[in-house]
Protein chains: 4
Amino acid sequence: LLSPATVGHDAVVSDQAVVDALVTAEVGLVRAMAAVGAVDAAVSREVGDLFGWVGAHSGCRDHGVDAVELATRASGGNPVIPLVEHLRGRTSERAREWVHRGATSQDILDTAIAIVARNAVATIVGDLERTTNALAALAGEHRETTAAARTLTQHAVPTTVGARAAAWARGVERARSRIGRCGDELPVQLGGAAGTLAAFVTDVGRDAAAALPTAFAAELGLTASAPWHTERWPITELGDALVQVIDALGKIAADVATLSRTEIGEIGGAVGGSSAMPQKANPIRSILIRSAAVRAPQLGATLHLAAALAVDERPDGAWHAEWPTVRELLRLALGAAAHAAALSSELRVDRGAVRRNLSLTGGLIVSERLAQVLEPIVGRDRFRALIAEAGDGDLGARIRALPEATGLDVDELLDPSSYTGLAAELAEGARLREVEE
Amino acid sequence: LLSPATVGHDAVVSDQAVVDALVTAEVGLVRAMAAVGAVDAAVSREVGDLFGWVGAHSGCRDHGVDAVELATRASGGNPVIPLVEHLRGRTSERAREWVHRGATSQDILDTAIAIVARNAVATIVGDLERTTNALAALAGEHRETTAAARTLTQHAVPTTVGARAAAWARGVERARSRIGRCGDELPVQLGGAAGTLAAFVTDVGRDAAAALPTAFAAELGLTASAPWHTERWPITELGDALVQVIDALGKIAADVATLSRTEIGEIGGAVGGSSAMPQKANPIRSILIRSAAVRAPQLGATLHLAAALAVDERPDGAWHAEWPTVRELLRLALGAAAHAAALSSELRVDRGAVRRNLSLTGGLIVSERLAQVLEPIVGRDRFRALIAEAGDGDLGARIRALPEATGLDVDELLDPSSYTGLAAELAEGARLREVEE
Amino acid sequence: LLSPATVGHDAVVSDQAVVDALVTAEVGLVRAMAAVGAVDAAVSREVGDLFGWVGAHSGCRDHGVDAVELATRASGGNPVIPLVEHLRGRTSERAREWVHRGATSQDILDTAIAIVARNAVATIVGDLERTTNALAALAGEHRETTAAARTLTQHAVPTTVGARAAAWARGVERARSRIGRCGDELPVQLGGAAGTLAAFVTDVGRDAAAALPTAFAAELGLTASAPWHTERWPITELGDALVQVIDALGKIAADVATLSRTEIGEIGGAVGGSSAMPQKANPIRSILIRSAAVRAPQLGATLHLAAALAVDERPDGAWHAEWPTVRELLRLALGAAAHAAALSSELRVDRGAVRRNLSLTGGLIVSERLAQVLEPIVGRDRFRALIAEAGDGDLGARIRALPEATGLDVDELLDPSSYTGLAAELAEGARLREVEE
Amino acid sequence: LLSPATVGHDAVVSDQAVVDALVTAEVGLVRAMAAVGAVDAAVSREVGDLFGWVGAHSGCRDHGVDAVELATRASGGNPVIPLVEHLRGRTSERAREWVHRGATSQDILDTAIAIVARNAVATIVGDLERTTNALAALAGEHRETTAAARTLTQHAVPTTVGARAAAWARGVERARSRIGRCGDELPVQLGGAAGTLAAFVTDVGRDAAAALPTAFAAELGLTASAPWHTERWPITELGDALVQVIDALGKIAADVATLSRTEIGEIGGAVGGSSAMPQKANPIRSILIRSAAVRAPQLGATLHLAAALAVDERPDGAWHAEWPTVRELLRLALGAAAHAAALSSELRVDRGAVRRNLSLTGGLIVSERLAQVLEPIVGRDRFRALIAEAGDGDLGARIRALPEATGLDVDELLDPSSYTGLAAELAEGARLREVEE
């Protein structure tokens with residue numbers, strides 16, 4: 001109700017999704033036990049059937065475990081303890097002993113968070129692809145739509161709308177590749193009480209125990225890893241990548257909100273209304289993305305703190321701080337990506353406003369070029385004086401009045417659209433690639 | 001499900017509590033309109049009766065507004081718009097026009113957050129009082145229980161268990177007084193679309209409009225204020241005070257967790273078990289408080305950022321970032337305070353362990369006093385050599401073997417309990433008061 | 001070189017200022033010893049004379065302790081150890097033993113930080129007073145200068161330039177009162193090795209030791225306190241107040257930067273130039289304040305983390321994290337306050353631009369009032385249609401064409417300056433006071 | 001003086017280093033101009049010789065530009081403007097026009113930060129390699145040194161000292177590979193006033209301008225990139241990687257500080273002394289690393305905020321917030337890595353203390369295995385009772401007294417060193433690799 005940036009985009013990180021993932025991790029472990037030959041396949045099948053196993057990426061569905069009940073019983077701060085009790089209570093005697101066998105709560109919880117993150121990242125990546133596609137189309141369409149570039153809030157030199165959109169797209173694309181790789185590398189957690197896999201070794205032997213993390217990962221569509229109970233880079237790298245996603249979208253939202261200002265008006269569309277002020281067209285998607293962008297970095301910082309404070313073989317508070325933080329970051333990235341995908345396809349460039357703003361300074365927007373051309377012929381002092389007085393009148397006439405300016409094509413000199421450098425190439429990404437090679 | 005620090009302590013900040021507060025704010029505004037004479041008391045009564053008005057501090061109950069439905073319809077990022085539609089739909093034609101009359105969504109939302117915060121703070125303050133009472137009792141009981149003080153992880157000099165508990169209590173008491181004052185000062189928000197109260201002036205006249213914030217505050221048990229739409233110190237001061245509460249409790253939790261370590265064992269009680277390792281007694285309340293303490297400061301930072309970025313007469317994202325952040329901070333403070341109240345009454349000092357640890361360094365814990373006494377008579381170099389070798393044997397015997405030590409009461413010199421300075425007085429708070437005057 | 005927000009405003013927190021404060025704390029302690037009768041006044045005078053004691057608020061000057069040398073020798077992470085060696089090396093034999101007598105490094109360092117903070121806060125408070133004075137004058141001058149209020153980036157309803165300036169002033173004034181009080185309450189630290197004052201009791205007796213913190217505070221112009229070695233609220237409350245100062249100034253800077261935009265242009269002055277683009281007038285003071293505002297909240301969060309992690313009687317890292325953080329926050333607040341004082345007196349309101357922007361929506365800026373007046377007579381649907389079409393033509397003519405509008409003073413209805421509610425009163429602070437009572 | 005974590009390790013990020021990098025960037029640009037054929041090689045040689053050009057990675061030395069003077073003159077918040085004036089003032093007329101030609105201040109400043117970061121990262125990577133080498137040696141030496149693993153502060157099950165050291169090494173190695181890659185990918189910035197390279201196109205033609213970033217990168221030993229004036233992922237990815245380095249070292253420091261506690265004492269070495277308490281051996285390197293770890297995450301968050309708030313073609317404050325923050329993060333990582341390299345080679349394992357602690361619970365540390373073995377034969381209730389009572393006496397005797405335990409090798413059952421699972425293999429990294437394939 002009070003998380004406006006994410007409303008309606010967070011099903012994959014809901015309490016139900018978390019419970020699904022917890023059950024999936026427990027079932028996946030029994031299946032891995034079967035895969036390494038430690039338990040009869042019939043046991044693994046029974047457990048899978050009982051708790052709705054669908055497959056590596058889908059996990060368990062319709063397992064009959066209730067999120068609210070679990071939360072209520074997790075008063076010790078750990079939902080895995082009541083979950084295991086619940087699962088064991090519904091299992092046959094033969095299978096019961098293999099539920100959660102050898103594992104610690106952290107194995108299941110970390111793995112469940114990896115599952116939830118993997119699923120959320122898939123959704124995020126899809127929305128980011130839609131975003132870059134829309135932005136690339138926008139960049140192409142407006143590759144030569146000359147517009148004012150602004151630095152430190154002031155008109156600086158011309159650019160093109162397409163170059164700006166291409167820069168947005170580069171930021172999103174970089175973030176997408178990073179979060180995508182992160183999603184592909186999410187590891188299972190499997191180390192037992194303190195990361196030595198000792199109970200597994202006792203139960204299934206040294207070789208089978210050593211093979212178990214890989215089998216567990218295969219069952220769940222995650223990657224294998226040495227235990228990372230207190231080496232938390234899988235969490236901080238995920239967090240960093242999520243924050244980077246939100247940064248890239250936040251930059252777009254900051255630009256769109258600014259360019260939507262009543263006085264600027266270069267971008268429209270993607271707006272919401274106001275009940276009391278019927279004339280208003282608020283850039284609501286940008287606002288919601290921005291609200292996420294103001295919050296995300298500090299959540300990322302909390303994950304780093306939790307990593308740095310991960311003392312012992314399971315820390316006294318730092319690990320517990322991760323759970324709600326990772327989930328909130330996933331939620332914000334899901335919301336921001338969904339809004340960005342919609343925003344990037346809904347936004348409309350008002351070419352008239354772009355043109356009107358471009359001419360607001362009466363030609364001073366190309367003063368950098370004027371300096372290049374005129375300073376050598378009239379000297380720095382006279383040039384500066386010319387610029388300083390130009391606010392009061394016609395810059396073109398003043399230039400034409402310079403004796404030294406005879407022969408200059410003043411119209412061309414003052415035309416912003418002939419001073420956009422490589423903007424069009426950058427918009428296309430053509431010269432960009434060249435530059436990067 | 002994944003907010004372990006707060007499980008079961010957050011009813012006053014639940015979605016239902018937020019909806020209650022939103023309805024209360026809307027009803028309070030109609031009542032304020034009646035109080036300043038702008039609307040007939042019958043209208044105000046009708047609206048109050050319809051939506052379950054109970055009184056200034058209790059607000060509205062059983063109003064029939066559903067949190068889930070509101071969240072679903074708040075897709076524009078603002079639950080007030082669908083709320084107003086809902087309320088108007090259930091009101092008589094006469095009363096309808098007075099619902100939300102002249103107000104902006106921010107007036108209602110900020111006021112609702114103030115109501116929720118006021119209620120949460122009352123609960124927090126109660127738990128903090130229980131905490132300081134228990135800690136004061138502990139401090140009194142153990143005012144002279146000599147224990148090792150530790151600095152930079154190493155035994156330093158003696159202190160008393162009571163002095164430590166009294167320091168905890170001072171931190172909690174300071175935090176309590178600050179959050180308490182903050183709770184008493186929480187203001188209503190009432191400024192209309194952009195903080196000028198223009199629509200109110202049009203509707204009810206200049207004088208009644210000017211009186212409206214005070215009347216609104218009186219109805220709701222909050223304080224009056226000039227509009228603070230983009231001057232957000234009421235939010236950041238609340239946030240700072242909440243973080244300070246969690247800091248003070250986090251310090252206690254850090255000490256308790258440390259003193260509960262298997263090797264130290266000076267504090268027991270307030271523990272939870274482990275399913276796989278039946279011998280374990282985990283200091284679970286301290287761990288949950290610590291998990292809140294690792295998260296809270298960054299949430300407080302987000303509120304400050306939102307304040308600093310509050311551009312215009314309503315900002316493009318910063319305000320929206322506050323809602324979930326304030327709520328999470330309240331939730332963490334509620335959880336931490338509840339755990340601390342329980343912890344402070346449940347914890348048990350193991351006098352045997354305290355004594356055993358105190359003697360671990362074989363008397364070196366009073367080496368500061370030894371230096372005061374012995375350096376003047378044997379010189380710095382010989383004294384340092386004595387200390388350096390003391391790890392290997394009996395410090396007392398070595399001192400007695402010094403020719404210069406004849407006549408010294410070496411037992412007294414090595415007795416930690418006679419080197420606790422003002423610890424007992426600090427534990428009682430007696431000398432403490434003297435010190436502060 | 002790379003701290004642009006603070007260039008030239010940070011002498012009171014320089015390395016030299018820190019060394020001055022460290023020496024002042026050491027000398028103050030000897031003087032306090034004399035004040036409680038523990039040491040001969042001649043000793044105290046010798047030490048004071050030797051190290052340039054000037055007085056309670058001025059502390060020590062020209063003491064001959066070199067900051068660079070101290071930093072070099074503080075390799076153990078603590079500048080007090082080499083400082084004490086240095087001071088003792090320069091003192092007579094009689095006085096030597098009273099230098100740093102009974103104290104721990106933290107006593108001196110925390111007290112020195114309190115001294116530096118007290119001095120910095122005095123400068124900050126002065127600049128904030130200059131700021132509020134200038135803003136109050138601005139508010140008075142422009143109490144009735146009608147301007148567009150903007151919410152969510154869009155023109156909303158009218159306000160006045162003065163109402164906006166008064167809101168800025170209220171934020172600064174609140175922050176000033178809070179940091180001012182904080183500066184007045186800064187405590188000395190005096191607890192000895194672990195906060196029990198044990199060495200002092202041994203050295204000077206129980207009563208004199210109990211009186212020592214008060215005497216120490218009197219010498220230094222700070223307040224007395226029980227030891228707060230690991231109860232860090234004096235630091236976090238200072239940090240919170242500094243961040244609040246920067247928030248309040250950051251809000252102003254955000255508005256000024258926005259209102260300075262080429263397309264908006266309502267505020268000029270307080271600008272800097274560009275070497276490459278001679279036409280530019282960058283709102284550089286606002287930019288530098290904003291750069292501080294983006295950084296400060298996270299520094300405040302670090303102080304809270306340090307407080308919450310202050311385990312034992314001196315923690316293993318948290319305390320050390322405070323020093324550079326407090327200093328950087330002081331530096332940012334000093335820089336932001338100095339820039340704000342200059343900005344608030346330099347900024348110029350462009351009445352022409354204000355008026356031009358106000359009319360940009362062709363009257364739609366008063367659509368809230370139009371709805372109040374017209375909806376009742378033409379119905380909601382026809383009114384909404386009228387507003388929706390109004391972008392295309394003359395709103396006044398459309399209203400006059402309504403049969404129901406006969407007799408309405410349409411010019412008055414569309415005049416923004418008659419729809420500013422209590423803006424002028426809020427600008428004066430008159431009605432504001434009334435509201436707050 | 002007040003940055004204890006970094007004292008003596010920050011020469012590569014000093015003011016002098018920053019000025020070196022700024023000069024290097026300016027000279028590199030002239031050389032790139034020559035490389036693309038835009039300027040005569042003699043001009044480039046003149047500028048290089050004048051300002052001490054050494055080579056791509058060494059940059060400029062002995063250039064005669066003074067850091068203090070530059071800082072003083074950078075009152076506009078930008079040191080590049082006075083730098084360019086200074087450089088031009090010392091250059092021949094022919095060369096003068098090619099200094100800073102076509103560039104904007106941000107081109108030079110961002111590139112200089114990339115140079116500084118590249119150099120700092122090289123130092124950091126070296127120290128991290130030393131750290132992992134020392135940790136790997138430690139892991140090998142202690143692969144089978146059985147020790148208590150601790151979870152939630154309590155003894156849990158056995159592990160080995162080597163397994164713990166190997167986990168530390170994995171965290172450091174991951175961080176090293178990430179910061180190393182980041183260092184290799186640091187890009188030049190070259191876009192001109194607003195990222196379109198327009199002035200370059202005017203000056204040197206479209207093709208040469210397009211080739212310029214690659215040439216610039218080649219001169220400086222950085223990578224080429226499209227302009228990233230407001231797409232700040234090169235900065236945030238650097239920041240994230242630096243924080244990850246500090247996290248990984250912070251985890252080690254947390255463990256070492258804990259294991260150094262007087263009551264635990266499993267790790268010694270790498271200590272510092274105390275002036276007042278001569279017996280103390282403080283784990284000072286760990287403390288300094290921890291102080292960095294408490295600060296770094298919030299600095300990383302500031303960089304993300306700056307990225308998300310990078311509005312327009314150069315933002316109004318966010319960019320300026322990056323400079324001191326990046327530098328402080330580099331400084332912290334340099335300090336932490338240097339301390340970690342020293343710490344990891346200096347630390348000593350006290351095998352006696354390790355063994356003594358392992359036996360502290362009288363065998364309960366293997367209660368997980370006891371449950372596996374005994375619960376099936378005596379039932380859960382009797383087993384739990386046995387464990388609960390075990391605190392009072394001899395666990396072995398109690399087990400032997402069980403009728404069902406006949407034939408069990410109770411000594412073997414209670415031997416922690418036979419319940420370390422794959423700890424030795426994880427210590428060697430052998431099974432670890434297997435697990436990861």
# chains A, B, ... in the order shown; residues from 1 in each chain; ligands from 1

call {"tool": "select_by_dssp", "arguments": {"residues": "region 220-379 of chain A", "states": "strand (DSSP E or B)", "output": "count of residues only"}}
result
8

call {"tool": "interface_residues", "arguments": {"of": "chain D", "to": "chain C", "cutoff": "8 Å", "atoms": "only C-alpha atoms", "output": "PyMOL selection string"}}
result
chain D and resi 1-5+7-8+15+67-68+70-72+74-79+81+104+193+257+272+275-276+284+286-292+294-295+298-299+301-302+305-306+316-321+323-324

call {"tool": "write_last_selection", "arguments": {"atoms": "C-alpha atoms", "output": "short mmCIF file (atom, residue, chain, number, x, y, z; two decimals), in the first residue's frame"}}
result
data_model
loop_
_atom_site.label_atom_id
_atom_site.label_comp_id
_atom_site.auth_asym_id
_atom_site.auth_seq_id
_atom_site.Cartn_x
_atom_site.Cartn_y
_atom_site.Cartn_z
CA LEU D 1 45.23 12.70 10.89
CA LEU D 2 41.72 11.40 11.54
CA SER D 3 41.63 8.67 8.87
CA PRO D 4 43.30 5.95 10.89
CA ALA D 5 42.55 3.13 8.48
CA VAL D 7 47.52 6.36 7.31
CA GLY D 8 50.58 5.87 5.17
CA ASP D 15 46.46 15.64 -3.99
CA ALA D 67 48.28 21.14 -5.90
CA VAL D 68 47.69 23.73 -3.21
CA LEU D 70 45.23 24.75 -7.90
CA ALA D 71 42.90 24.02 -4.99
CA THR D 72 42.95 27.67 -3.99
CA ALA D 74 39.39 26.20 -8.02
CA SER D 75 36.88 28.24 -6.12
CA GLY D 76 34.26 27.63 -8.78
CA GLY D 77 34.34 24.02 -7.75
CA ASN D 78 36.40 22.86 -10.69
CA PRO D 79 40.20 22.54 -10.70
CA ILE D 81 39.66 25.71 -15.29
CA THR D 104 35.28 20.02 -21.45
CA ALA D 193 30.87 20.14 -23.87
CA ALA D 257 39.22 -9.62 16.07
CA GLY D 272 49.53 -3.04 18.71
CA SER D 275 50.17 3.27 26.60
CA ALA D 276 48.05 3.07 29.74
CA ILE D 284 44.97 -3.18 15.58
CA SER D 286 41.80 -5.89 12.15
CA ILE D 287 40.34 -2.90 13.92
CA LEU D 288 41.51 -0.51 11.23
CA ILE D 289 40.18 -2.78 8.48
CA ARG D 290 36.88 -3.00 10.30
CA SER D 291 36.67 0.77 10.59
CA ALA D 292 37.00 0.93 6.81
CA VAL D 294 31.83 0.19 8.42
CA ARG D 295 32.36 3.25 6.22
CA GLN D 298 27.72 4.13 2.40
CA LEU D 299 30.37 5.71 0.17
CA ALA D 301 25.81 4.15 -2.07
CA THR D 302 26.68 7.79 -2.66
CA LEU D 305 22.91 8.03 -5.98
CA ALA D 306 25.14 10.29 -8.05
CA ASP D 316 23.58 19.96 -11.00
CA GLY D 317 25.52 18.45 -8.11
CA ALA D 318 25.60 14.69 -8.55
CA TRP D 319 28.83 14.69 -10.54
CA HIS D 320 30.62 16.88 -8.02
CA ALA D 321 29.57 14.46 -5.25
CA TRP D 323 35.05 13.13 -6.66
CA PRO D 324 35.72 13.05 -2.93
#

call {"tool": "atom_distance", "arguments": {"atom1": "CA of Val125 (chain C)", "atom2": "CA of Glu185 (chain C)"}}
result
14.4 Å

call {"tool": "residues_around", "arguments": {"residues": "region 26-36 of chain D", "least_positions_apart": "2", "cutoff": "7 Å", "atoms": "only C-alpha atoms", "output": "ChimeraX atom specification"}}
result
/D:22-24,38-41,44,47-48,98-100,108,208,211-212,215-216,219-220

call {"tool": "atom_distance", "arguments": {"atom1": "CA of Asp49 (chain B)", "atom2": "CA of Ala209 (chain B)"}}
result
24.6 Å

call {"tool": "atom_distance", "arguments": {"atom1": "CA of Arg90 (chain C)", "atom2": "CA of Arg61 (chain C)"}}
result
15.8 Å

call {"tool": "closest_residue", "arguments": {"among": "A:Ala281, A:Ala385, A:Ala95, A:Val188", "to": "Thr151 (chain C)", "atoms": "only C-alpha atoms"}}
result
A:Ala281

call {"tool": "select_by_dssp", "arguments": {"residues": "region 11-169 of chain C", "states": "alpha helix (DSSP H)", "output": "ChimeraX atom specification"}}
result
/C:15-35,41-50,67-73,80-89,93-96,105-141,161-169

call {"tool": "residues_around", "arguments": {"residues": "Thr223 (chain B)", "least_positions_apart": "5", "cutoff": "8 Å", "atoms": "only C-alpha atoms", "output": "number ranges by chain"}}
result
B: 184-188, 214, 217-218; C: 436

call {"tool": "write_last_selection", "arguments": {"atoms": "N, CA, C and O atoms", "output": "compact mmCIF listing (two decimals), in the first residue's frame"}}
result
# COMPACT_ATOMS: atom_id res chain seq x y z
N ASP B 184 5.27 13.36 20.41
CA ASP B 184 4.36 14.39 20.90
C ASP B 184 4.23 15.56 19.93
O ASP B 184 3.25 16.30 19.99
N GLU B 185 5.24 15.75 19.10
CA GLU B 185 5.27 16.94 18.23
C GLU B 185 4.81 16.65 16.81
O GLU B 185 4.87 17.54 15.96
N LEU B 186 4.42 15.42 16.53
CA LEU B 186 4.08 15.09 15.14
C LEU B 186 2.96 16.00 14.63
O LEU B 186 1.89 16.08 15.23
N PRO B 187 3.18 16.67 13.50
CA PRO B 187 2.22 17.65 13.02
C PRO B 187 1.23 17.07 11.99
O PRO B 187 1.55 16.12 11.27
N VAL B 188 0.06 17.64 11.93
CA VAL B 188 -0.80 17.41 10.77
C VAL B 188 -0.18 18.12 9.57
O VAL B 188 0.64 19.02 9.73
N THR B 214 -5.09 24.18 13.02
CA THR B 214 -5.19 23.98 14.46
C THR B 214 -6.37 23.09 14.81
O THR B 214 -6.28 22.19 15.66
N ALA B 217 -5.60 19.54 13.79
CA ALA B 217 -4.68 18.94 14.76
C ALA B 217 -5.42 18.52 16.03
O ALA B 217 -5.18 17.44 16.58
N ALA B 218 -6.34 19.38 16.49
CA ALA B 218 -7.07 19.08 17.72
C ALA B 218 -7.92 17.83 17.54
O ALA B 218 -8.02 16.98 18.44
N GLU C 436 0.48 27.95 14.23
CA GLU C 436 1.26 27.06 15.11
C GLU C 436 0.81 27.10 16.56
O GLU C 436 1.19 26.26 17.34

call {"tool": "residues_around", "arguments": {"residues": "Thr361 (chain A)", "least_positions_apart": "5", "cutoff": "10 Å", "atoms": "only C-alpha atoms", "output": "list in words"}}
result
Ala148, His155, Arg356, Val366, Ala390, Gly391 and Leu395 of chain A; Thr262, Glu263 and Gln279 of chain C

call {"tool": "write_last_selection", "arguments": {"atoms": "all heavy atoms", "output": "short mmCIF file (atom, residue, chain, number, x, y, z; two decimals), in the first residue's frame"}}
result
data_model
loop_
_atom_site.label_atom_id
_atom_site.label_comp_id
_atom_site.auth_asym_id
_atom_site.auth_seq_id
_atom_site.Cartn_x
_atom_site.Cartn_y
_atom_site.Cartn_z
N ALA A 148 18.48 21.08 -27.42
CA ALA A 148 19.43 21.70 -26.49
C ALA A 148 19.99 20.66 -25.54
O ALA A 148 19.24 19.93 -24.91
CB ALA A 148 18.73 22.81 -25.70
N HIS A 155 21.43 25.70 -20.84
CA HIS A 155 21.70 25.32 -22.22
C HIS A 155 23.21 25.40 -22.48
O HIS A 155 23.84 26.40 -22.13
CB HIS A 155 20.96 26.24 -23.18
CG HIS A 155 19.51 25.91 -23.31
ND1 HIS A 155 18.74 26.29 -24.37
CD2 HIS A 155 18.70 25.19 -22.50
CE1 HIS A 155 17.50 25.85 -24.21
NE2 HIS A 155 17.45 25.19 -23.07
N ARG A 356 11.52 24.97 -30.17
CA ARG A 356 11.31 26.24 -29.48
C ARG A 356 12.39 26.47 -28.41
O ARG A 356 12.98 27.53 -28.32
CB ARG A 356 9.92 26.23 -28.83
CG ARG A 356 9.46 27.55 -28.28
CD ARG A 356 7.97 27.49 -27.93
NE ARG A 356 7.67 26.42 -26.98
CZ ARG A 356 6.90 25.35 -27.26
NH1 ARG A 356 6.34 25.18 -28.45
NH2 ARG A 356 6.69 24.43 -26.32
N VAL A 366 25.19 27.99 -29.59
CA VAL A 366 26.39 27.59 -30.36
C VAL A 366 27.57 28.50 -30.05
O VAL A 366 28.51 28.61 -30.85
CB VAL A 366 26.12 27.55 -31.89
CG1 VAL A 366 25.10 26.47 -32.22
CG2 VAL A 366 25.68 28.91 -32.40
N ALA A 390 24.70 39.99 -26.12
CA ALA A 390 23.80 39.34 -27.08
C ALA A 390 22.44 39.06 -26.48
O ALA A 390 21.45 38.91 -27.20
CB ALA A 390 24.42 38.05 -27.59
N GLY A 391 22.36 38.97 -25.16
CA GLY A 391 21.06 38.72 -24.54
C GLY A 391 20.05 39.79 -24.91
O GLY A 391 18.85 39.56 -24.89
N LEU A 395 21.70 38.32 -32.19
CA LEU A 395 23.09 37.91 -32.25
C LEU A 395 23.61 37.89 -33.69
O LEU A 395 24.73 38.32 -33.97
CB LEU A 395 23.23 36.52 -31.60
CG LEU A 395 24.61 35.92 -31.54
CD1 LEU A 395 25.56 36.79 -30.73
CD2 LEU A 395 24.54 34.52 -30.93
N THR C 262 17.43 27.33 -17.94
CA THR C 262 17.29 28.25 -19.06
C THR C 262 15.82 28.49 -19.41
O THR C 262 15.42 29.62 -19.67
CB THR C 262 18.03 27.67 -20.28
OG1 THR C 262 19.39 27.41 -19.91
CG2 THR C 262 18.00 28.64 -21.45
N GLU C 263 15.02 27.45 -19.39
CA GLU C 263 13.62 27.60 -19.78
C GLU C 263 12.78 28.27 -18.70
O GLU C 263 11.67 28.73 -18.99
CB GLU C 263 12.99 26.23 -20.11
CG GLU C 263 13.49 25.60 -21.40
CD GLU C 263 14.79 24.84 -21.20
OE1 GLU C 263 15.33 24.87 -20.07
OE2 GLU C 263 15.26 24.22 -22.16
N GLN C 279 28.53 31.82 -22.92
CA GLN C 279 27.21 32.35 -22.59
C GLN C 279 26.68 31.85 -21.27
O GLN C 279 25.67 32.34 -20.76
CB GLN C 279 26.23 31.98 -23.72
CG GLN C 279 25.51 30.64 -23.56
CD GLN C 279 26.35 29.40 -23.89
OE1 GLN C 279 27.57 29.49 -24.06
NE2 GLN C 279 25.71 28.26 -23.99
#

call {"tool": "closest_residue", "arguments": {"among": "A:Thr230, A:Ser177, A:Thr406, A:Thr145", "to": "Ala122 (chain A)", "atoms": "only C-alpha atoms"}}
result
A:Ser177

call {"tool": "residues_around", "arguments": {"residues": "region 247-249 of chain A", "least_positions_apart": "4", "cutoff": "8 Å", "atoms": "only C-alpha atoms", "output": "ChimeraX atom specification"}}
result
/A:168,171-172,175,243,253,289,293,336-337,340 /D:231,304-305,307-309

call {"tool": "closest_residue", "arguments": {"among": "D:Val378, D:Leu364, D:Ala401, D:Ala388", "to": "Ala156 (chain D)", "atoms": "only C-alpha atoms"}}
result
D:Leu364

call {"tool": "residues_around", "arguments": {"residues": "Arg178 (chain A)", "least_positions_apart": "5", "cutoff": "9 Å", "atoms": "only C-alpha atoms", "output": "ChimeraX atom specification"}}
result
/A:173,183,241-242,244-245
